[in-house]
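work-v7.cif (mmCIF, C-alpha atoms)
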```cif
data_my_file
loop_
_atom_site.label_atom_id
_atom_site.label_comp_id
_atom_site.auth_asym_id
_atom_site.auth_seq_id
_atom_site.Cartn_x
_atom_site.Cartn_y
_atom_site.Cartn_z
CA MET A 1 0.17 -0.51 29.20
CA ALA A 2 -1.88 -2.00 26.37
CA ASN A 3 -1.50 -5.05 24.14
CA VAL A 4 -1.94 -4.40 20.41
CA LEU A 5 -2.78 -6.81 17.58
CA ILE A 6 -1.60 -5.78 14.10
CA VAL A 7 -3.41 -7.54 11.23
CA ASP A 8 -1.79 -6.91 7.83
CA ASP A 9 -0.68 -9.26 5.04
CA SER A 10 2.53 -7.26 4.59
CA SER A 11 5.23 -8.26 7.07
CA THR A 12 7.01 -4.99 6.19
CA MET A 13 3.97 -2.96 7.13
CA ARG A 14 3.53 -4.91 10.39
CA LYS A 15 7.13 -4.09 11.32
CA ILE A 16 6.69 -0.41 10.37
CA ILE A 17 3.48 -0.11 12.41
CA SER A 18 5.12 -1.86 15.35
CA ARG A 19 8.16 0.44 15.21
CA SER A 20 5.94 3.52 14.77
CA LEU A 21 3.91 2.61 17.86
CA ARG A 22 7.12 2.55 19.91
CA GLN A 23 8.44 5.75 18.25
CA ALA A 24 5.17 7.56 18.93
CA GLY A 25 5.69 6.94 22.63
CA LEU A 26 2.34 5.19 23.03
CA ALA A 27 1.76 3.05 26.10
CA VAL A 28 2.20 -0.29 24.35
CA ASP A 29 3.21 -3.52 26.05
CA ASP A 30 2.96 -6.65 23.88
CA ILE A 31 2.45 -6.43 20.11
CA PHE A 32 0.95 -9.47 18.36
CA GLU A 33 0.97 -9.89 14.57
CA ALA A 34 -1.34 -11.65 12.11
CA GLY A 35 -1.16 -11.92 8.32
CA ASP A 36 -4.90 -11.99 7.62
CA GLY A 37 -8.27 -12.00 9.35
CA ILE A 38 -8.18 -15.72 10.12
CA GLU A 39 -4.82 -15.43 11.84
CA GLY A 40 -6.18 -12.34 13.58
CA LEU A 41 -9.10 -14.27 15.06
CA ASN A 42 -6.71 -16.99 16.23
CA ALA A 43 -4.47 -14.37 17.87
CA LEU A 44 -7.48 -12.84 19.61
CA ALA A 45 -8.53 -16.23 20.95
CA GLY A 46 -5.19 -16.81 22.65
CA ASN A 47 -4.20 -13.37 23.91
CA LYS A 48 -5.48 -10.38 25.85
CA VAL A 49 -5.73 -7.60 23.25
CA ASP A 50 -6.66 -3.98 24.04
CA LEU A 51 -6.49 -2.53 20.50
CA ILE A 52 -6.56 -3.97 16.98
CA LEU A 53 -4.95 -2.23 14.01
CA SER A 54 -6.14 -3.89 10.80
CA ASP A 55 -5.58 -3.55 7.07
CA ILE A 56 -8.63 -3.96 4.78
CA ASN A 57 -7.23 -5.50 1.58
CA MET A 58 -5.92 -8.94 2.67
CA PRO A 59 -6.15 -12.50 1.32
CA ASN A 60 -8.22 -15.31 2.94
CA MET A 61 -10.24 -13.03 5.21
CA ASP A 62 -10.16 -9.29 4.51
CA GLY A 63 -10.41 -6.51 7.07
CA LEU A 64 -14.16 -5.95 6.71
CA GLU A 65 -14.92 -9.66 7.22
CA PHE A 66 -12.51 -9.68 10.15
CA ILE A 67 -14.27 -6.79 11.94
CA LYS A 68 -17.65 -8.47 11.48
CA ALA A 69 -16.27 -11.76 12.85
CA VAL A 70 -14.74 -10.03 15.89
CA ARG A 71 -18.01 -8.25 16.68
CA ALA A 72 -20.03 -11.44 16.02
CA ASN A 73 -17.95 -13.07 18.76
CA GLY A 74 -19.12 -10.34 21.15
CA ASN A 75 -15.69 -8.71 21.38
CA ALA A 76 -15.89 -4.90 21.80
CA VAL A 77 -12.13 -4.23 21.52
CA PRO A 78 -11.42 -0.98 19.58
CA ILE A 79 -10.47 -1.66 15.94
CA VAL A 80 -8.68 0.99 13.88
CA MET A 81 -8.25 0.40 10.17
CA ILE A 82 -4.79 1.20 8.77
CA THR A 83 -5.25 1.04 5.03
CA THR A 84 -4.57 2.40 1.57
CA GLU A 85 -8.35 2.31 1.08
CA GLY A 86 -9.37 5.97 1.47
CA GLY A 87 -12.75 5.77 -0.26
CA GLU A 88 -15.68 7.22 1.66
CA ASP A 89 -18.02 4.27 1.02
CA ILE A 90 -15.53 1.58 2.02
CA LEU A 91 -14.64 3.43 5.23
CA LYS A 92 -18.34 3.92 5.99
CA GLU A 93 -18.79 0.16 5.61
CA ALA A 94 -15.85 -0.42 7.96
CA MET A 95 -17.31 1.95 10.56
CA SER A 96 -20.81 0.47 10.29
CA SER A 97 -19.26 -2.99 10.73
CA GLY A 98 -17.72 -1.93 14.02
CA ALA A 99 -14.44 -0.12 13.30
CA SER A 100 -13.62 2.74 15.66
CA ASP A 101 -11.51 4.88 13.32
CA SER A 102 -9.19 4.73 10.32
CA ILE A 103 -5.66 5.78 9.43
CA LYS A 104 -4.53 6.21 5.83
CA LYS A 105 -1.27 4.67 4.62
CA PRO A 106 1.29 6.17 4.35
CA PHE A 107 1.31 7.58 7.86
CA THR A 108 3.77 9.14 10.29
CA PRO A 109 4.34 8.23 13.97
CA ASP A 110 2.77 11.61 14.85
CA GLN A 111 -0.41 10.69 12.95
CA LEU A 112 -0.54 7.36 14.80
CA ASN A 113 -0.09 9.16 18.11
CA GLU A 114 -2.89 11.60 17.26
CA LYS A 115 -5.34 8.84 16.30
CA LEU A 116 -4.41 6.22 18.91
CA GLY A 117 -3.44 8.34 21.89
CA GLY A 118 -7.01 8.41 23.18
CA LEU A 119 -7.45 4.65 22.77
CA LEU A 120 -4.34 3.53 24.67
CA MET B 1 2.82 6.76 -24.30
CA THR B 2 -0.37 8.48 -23.20
CA LEU B 3 -3.32 8.13 -20.88
CA ASN B 4 -6.15 6.14 -22.45
CA SER B 5 -8.59 8.65 -23.98
CA GLU B 6 -11.69 6.88 -22.57
CA VAL B 7 -10.18 7.08 -19.07
CA ALA B 8 -9.38 10.76 -19.53
CA GLN B 9 -12.91 11.53 -20.72
CA SER B 10 -14.70 9.44 -18.08
CA ALA B 11 -12.60 10.58 -15.11
CA HIS B 12 -12.38 14.19 -16.32
CA LEU B 13 -8.60 13.95 -16.07
CA GLN B 14 -5.84 15.11 -18.35
CA GLU B 15 -2.70 13.02 -18.59
CA ALA B 16 -0.78 15.77 -16.78
CA ASP B 17 -3.26 15.57 -13.87
CA LEU B 18 -2.87 11.83 -13.46
CA ARG B 19 0.91 12.09 -13.84
CA GLY B 20 0.85 14.74 -11.12
CA TYR B 21 -1.09 12.45 -8.77
CA VAL B 22 1.36 9.59 -9.36
CA ILE B 23 4.34 11.89 -8.76
CA HIS B 24 2.80 13.32 -5.59
CA ALA B 25 1.90 9.84 -4.32
CA THR B 26 5.36 8.46 -5.01
CA LYS B 27 7.11 11.37 -3.31
CA GLU B 28 4.83 11.14 -0.28
CA VAL B 29 5.16 7.36 0.11
CA PHE B 30 8.95 7.54 -0.18
CA ALA B 31 9.24 10.54 2.17
CA THR B 32 6.92 9.06 4.79
CA MET B 33 7.59 5.32 4.71
CA VAL B 34 11.06 5.02 3.14
CA MET B 35 12.61 8.22 4.49
CA MET B 36 13.92 9.16 1.03
CA GLU B 37 13.23 12.44 -0.77
CA VAL B 38 12.96 11.36 -4.41
CA GLU B 39 12.81 13.56 -7.52
CA ASP B 40 10.73 12.97 -10.61
CA SER B 41 11.97 13.23 -14.20
CA ALA B 42 10.16 13.67 -17.50
CA PRO B 43 7.92 10.68 -18.37
CA LEU B 44 9.40 8.22 -20.85
CA GLN B 45 8.33 8.66 -24.45
CA GLU B 46 8.83 5.01 -25.34
CA PRO B 47 7.63 2.03 -23.27
CA ILE B 48 10.12 -0.18 -21.48
CA ASN B 49 9.22 -3.82 -21.07
CA LYS B 50 12.60 -5.50 -20.47
CA PHE B 51 14.22 -5.24 -17.07
CA HIS B 52 17.69 -6.33 -15.93
CA CYS B 53 18.73 -7.19 -12.34
CA SER B 54 15.54 -5.55 -11.15
CA ILE B 55 12.51 -6.12 -8.99
CA THR B 56 8.97 -5.09 -9.92
CA GLY B 57 6.05 -4.63 -7.53
CA MET B 58 2.59 -4.49 -9.10
CA VAL B 59 -0.97 -4.07 -7.96
CA GLY B 60 -4.00 -4.49 -10.20
CA LEU B 61 -7.12 -2.33 -10.31
CA ALA B 62 -10.42 -3.89 -11.36
CA GLY B 63 -13.93 -2.48 -11.66
CA THR B 64 -15.02 0.80 -13.24
CA TYR B 65 -11.42 1.15 -14.39
CA THR B 66 -8.91 -1.62 -14.87
CA GLY B 67 -5.17 -1.34 -14.87
CA ILE B 68 -1.83 -1.97 -13.25
CA LEU B 69 0.25 0.26 -11.02
CA SER B 70 3.87 -0.84 -10.91
CA ILE B 71 7.19 0.15 -9.43
CA HIS B 72 10.45 -1.06 -11.00
CA CYS B 73 13.72 -0.83 -9.05
CA PRO B 74 17.26 -2.11 -9.60
CA LYS B 75 17.86 -4.88 -7.05
CA HIS B 76 20.53 -2.98 -5.12
CA PHE B 77 18.23 0.07 -4.78
CA ALA B 78 15.33 -2.16 -3.74
CA MET B 79 17.54 -3.49 -0.92
CA ALA B 80 18.35 0.10 0.16
CA VAL B 81 14.64 0.97 0.11
CA THR B 82 13.81 -2.09 2.22
CA SER B 83 16.63 -1.30 4.66
CA ASN B 84 15.20 2.17 5.20
CA MET B 85 11.64 0.91 5.57
CA LEU B 86 12.57 -1.75 8.12
CA GLY B 87 15.35 0.16 9.87
CA MET B 88 17.80 -2.73 9.48
CA ASP B 89 20.47 -3.90 7.03
CA VAL B 90 19.16 -5.89 4.07
CA ASP B 91 21.80 -7.52 1.86
CA GLU B 92 19.82 -9.97 -0.26
CA VAL B 93 16.68 -9.96 -2.36
CA GLY B 94 14.31 -12.18 -0.41
CA GLU B 95 11.00 -12.08 1.39
CA ASP B 96 11.59 -8.68 3.01
CA VAL B 97 12.47 -6.95 -0.28
CA ASN B 98 9.58 -8.60 -2.13
CA ASP B 99 7.16 -7.60 0.60
CA ALA B 100 8.46 -4.01 0.77
CA LEU B 101 8.14 -3.45 -2.98
CA GLY B 102 4.68 -5.02 -2.96
CA GLU B 103 3.58 -2.73 -0.13
CA ILE B 104 4.88 0.37 -1.92
CA ALA B 105 2.92 -0.68 -5.02
CA ASN B 106 -0.13 -1.22 -2.79
CA MET B 107 0.10 2.28 -1.30
CA LEU B 108 0.58 3.88 -4.73
CA GLY B 109 -2.36 1.86 -6.07
CA GLY B 110 -4.44 3.13 -3.17
CA TYR B 111 -3.78 6.72 -4.23
CA VAL B 112 -4.76 5.99 -7.84
CA LYS B 113 -7.90 4.21 -6.68
CA GLN B 114 -8.86 7.20 -4.55
CA VAL B 115 -8.48 9.53 -7.54
CA LEU B 116 -10.58 7.35 -9.84
CA SER B 117 -13.15 5.82 -7.50
CA LYS B 118 -16.40 7.48 -6.50
CA GLY B 119 -16.47 5.99 -3.02
CA GLY B 120 -14.09 3.07 -2.92
CA LEU B 121 -16.48 0.23 -3.70
CA ASP B 122 -16.48 0.50 -7.51
CA ILE B 123 -12.78 -0.37 -7.91
CA SER B 124 -10.93 -3.24 -6.23
CA LEU B 125 -7.22 -3.43 -5.59
CA SER B 126 -5.52 -6.78 -5.99
CA ILE B 127 -3.08 -8.29 -3.55
CA PRO B 128 0.39 -7.12 -4.72
CA THR B 129 2.48 -9.25 -7.08
CA VAL B 130 6.29 -9.06 -7.15
CA ILE B 131 8.62 -10.20 -9.90
CA SER B 132 12.42 -10.19 -9.75
CA GLY B 133 15.21 -11.61 -11.85
CA ASP B 134 18.35 -10.99 -13.85
CA GLU B 135 16.30 -10.46 -17.02
CA TYR B 136 12.54 -10.43 -17.48
CA THR B 137 9.84 -8.94 -19.69
CA ILE B 138 6.51 -7.39 -18.71
CA ASN B 139 4.21 -7.25 -21.70
CA SER B 140 1.55 -4.97 -20.23
CA PHE B 141 3.74 -1.94 -20.96
CA THR B 142 4.24 -2.62 -24.64
CA ASP B 143 1.21 -0.68 -25.82
CA SER B 144 0.60 3.03 -25.75
CA ASP B 145 -1.98 3.46 -22.95
CA CYS B 146 0.42 3.83 -20.07
CA VAL B 147 2.50 6.40 -18.26
CA LEU B 148 6.01 5.52 -17.07
CA ILE B 149 7.71 8.07 -14.82
CA PRO B 150 11.38 7.86 -13.81
CA PHE B 151 12.38 8.97 -10.31
CA THR B 152 15.85 9.54 -8.91
CA PHE B 153 17.42 9.37 -5.47
CA GLY B 154 21.04 10.49 -5.75
CA ASP B 155 22.55 8.37 -8.52
CA GLU B 156 19.78 5.77 -8.33
CA THR B 157 16.86 5.64 -10.75
CA PHE B 158 13.60 3.74 -10.46
CA MET B 159 10.32 3.92 -12.35
CA VAL B 160 6.64 4.03 -11.53
CA GLY B 161 4.21 2.97 -14.24
CA LEU B 162 0.46 3.20 -14.59
CA LYS B 163 -1.60 1.52 -17.27
CA LEU B 164 -5.33 2.21 -17.21
CA SER B 165 -8.36 1.46 -19.30
CA LYS B 166 -12.09 2.07 -18.86
CA GLU B 167 -14.45 -0.86 -18.54
CA SER B 168 -17.29 -0.59 -21.04
#
```
What's the structure tokens form of this structure?
Amino acid sequence: MANVLIVDDSSTMRKIISRSLRQAGLAVDDIFEAGDGIEGLNALAGNKVDLILSDINMPNMDGLEFIKAVRANGNAVPIVMITTEGGEDILKEAMSSGASDSIKKPFTPDQLNEKLGGLL
Amino acid sequence: MTLNSEVAQSAHLQEADLRGYVIHATKEVFATMVMMEVEDSAPLQEPINKFHCSITGMVGLAGTYTGILSIHCPKHFAMAVTSNMLGMDVDEVGEDVNDALGEIANMLGGYVKQVLSKGGLDISLSIPTVISGDEYTINSFTDSDCVLIPFTFGDETFMVGLKLSKES
């Protein structure tokens, strides 16, 4: 069973992702939540996390800055972007910064299962 | 109300194309995230800027194109939408409803950005803004360069608006 950190400024989206992870039947144990990249880094510091699901467009510290900060700390945990940002260039930047994959909002539990099944 | 001619020329889009994208995006977001199959109606011919007992979620676009994508719902329908999104009863307009409407606006704005942007870096989406109240006015929809599309779910009606202009 894996621990997952969800980083998204929308509490609604965090709840939907959390529920979808359970509905998809993925092997998830604890789910931690953070409202931006700064809270995400704090959550990482205090918990064992096996997978990060992060939005891109967030206040204070956005998803791209967050990935870079995680990698700068030497943490190799898989990071999957869950975002409305579907542009090729912005996703390329996310991947070159250290993201493992991306999922476009809106999504279904089946799409989550397909993308995350191999990571959990 | 029409699509700004400079936007149409620059993006090689007709108003019907953009309207079609907004309709498709709205139906997909509601079907996937809200579990509601909504139907579109003919776009409004006259702008609406006064809202009663409603809640409005908006996201701004800035860069090559600037504009606002908005969704306007009666409060009671916004609570039903939030209930469906969260899978729990919601009986007041508070943080959950505000957040849900903002997130819907964000997802719809993401679709519009994808249609207009070359790669995603030339247009930025703002953090969503939400307004609610018994009576309020939004002045951005008083001019002609916008599209306002009504949608229905059963007896309920809500609107999605898009105002766009091209940066010179």
Review point. Near chain B, which residues of chain A fall within 9 Å when you count only C-alpha atoms, and what do they look like as a PyMOL selection string?
Key: chain A and resi 9-13+15-16+19+57-59+83-91+105-108
Practice item. List the residues matched by the PyMOL selection byres ((chain A and resi 120) around 8) in the displayed structure as a PyMOL selection string, ordered by chain and then by residue number. Key: chain A and resi 1-2+26-28+50-51+116-119
Check your understanding: Just so the selection is clear, what residues does the PyMOL selection byres ((chain B and resi 37-42) around 8) cover here, as a list in words?
Key -> Ile23, Lys27, Phe30, Ala31, Met35, Met36, Pro43, Leu44, Ile149, Pro150, Phe151, Thr152 and Phe153 of chain B
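CA of Val130 (chain B) is found 25.3 Å from CA of Ile103 (chain A).
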Point to revise | Selection under test: the PyMOL selection byres ((chain A and resi 64) around 10); residues as a PyMOL selection string | key: chain A and resi 37+54-58+61-63+65-69+81+90-91+93-99
Point to revise | Among listed residues A:Asn47, A:Asn60, A:Ser20, A:Asn3, nearest Pro78 (chain A) (using all atoms listed in the file) | key: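 Smallest separation from Pro78 (chain A) among the options: A:Asn3.
The coordinates place CA of Ile38 (chain A) at 20.5 Å from CA of Ser102 (chain A).
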Exercise for review: Measure the distance from CA of Lys50 (chain B) to CA of Ile68 (chain B) in Å and round it to one decimal.
Suggested key: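 Result for CA of Lys50 (chain B) versus CA of Ile68 (chain B): 16.5 Å, one decimal.
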Check your understanding: Near Leu162 (chain B), within 8 Å and counting all atoms listed in the file, which residues show up once chain neighbours fewer than 3 positions away are dropped, as a list in words?
Key -> Gly67, Ile68, Leu69, Ser70, Cys146, Val147 and Leu148 of chain B
Point to revise | Spatial neighbours of Asp145 (chain B), 12 Å, all atoms listed in the file, chain gap at least 6 places, as a list in words | key: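 So, after excluding close chain neighbours, the residues are Met1, Thr2, Leu3, Asn4, Ser5, Glu6, Val7, Ala8, Glu15, Gln45, Glu46, Pro47, Thr66, Gly67, Ile68, Gly161, Leu162, Lys163, Leu164, Ser165 and Lys166 of chain B.
The protein and nucleic acid residues lying at most 6 Å from region 90-92 of chain B are Met79, Ser83 and Gly94 of chain B, with all atoms listed in the file considered and sequence neighbours fewer than 2 positions away removed.
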Exercise for review: Find the spatial neighbours of region 136-138 of chain B, counting all atoms listed in the file, within a cut-off of 10 Å - ignore same-chain residues fewer than 6 positions away - and output them as a list of chain:residue names.
Suggested key: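 What passes the distance filter is B:Ile48, B:Asn49, B:Lys50, B:Phe51, B:His52, B:Cys53, B:Ser54, B:Ile55, B:Thr56.
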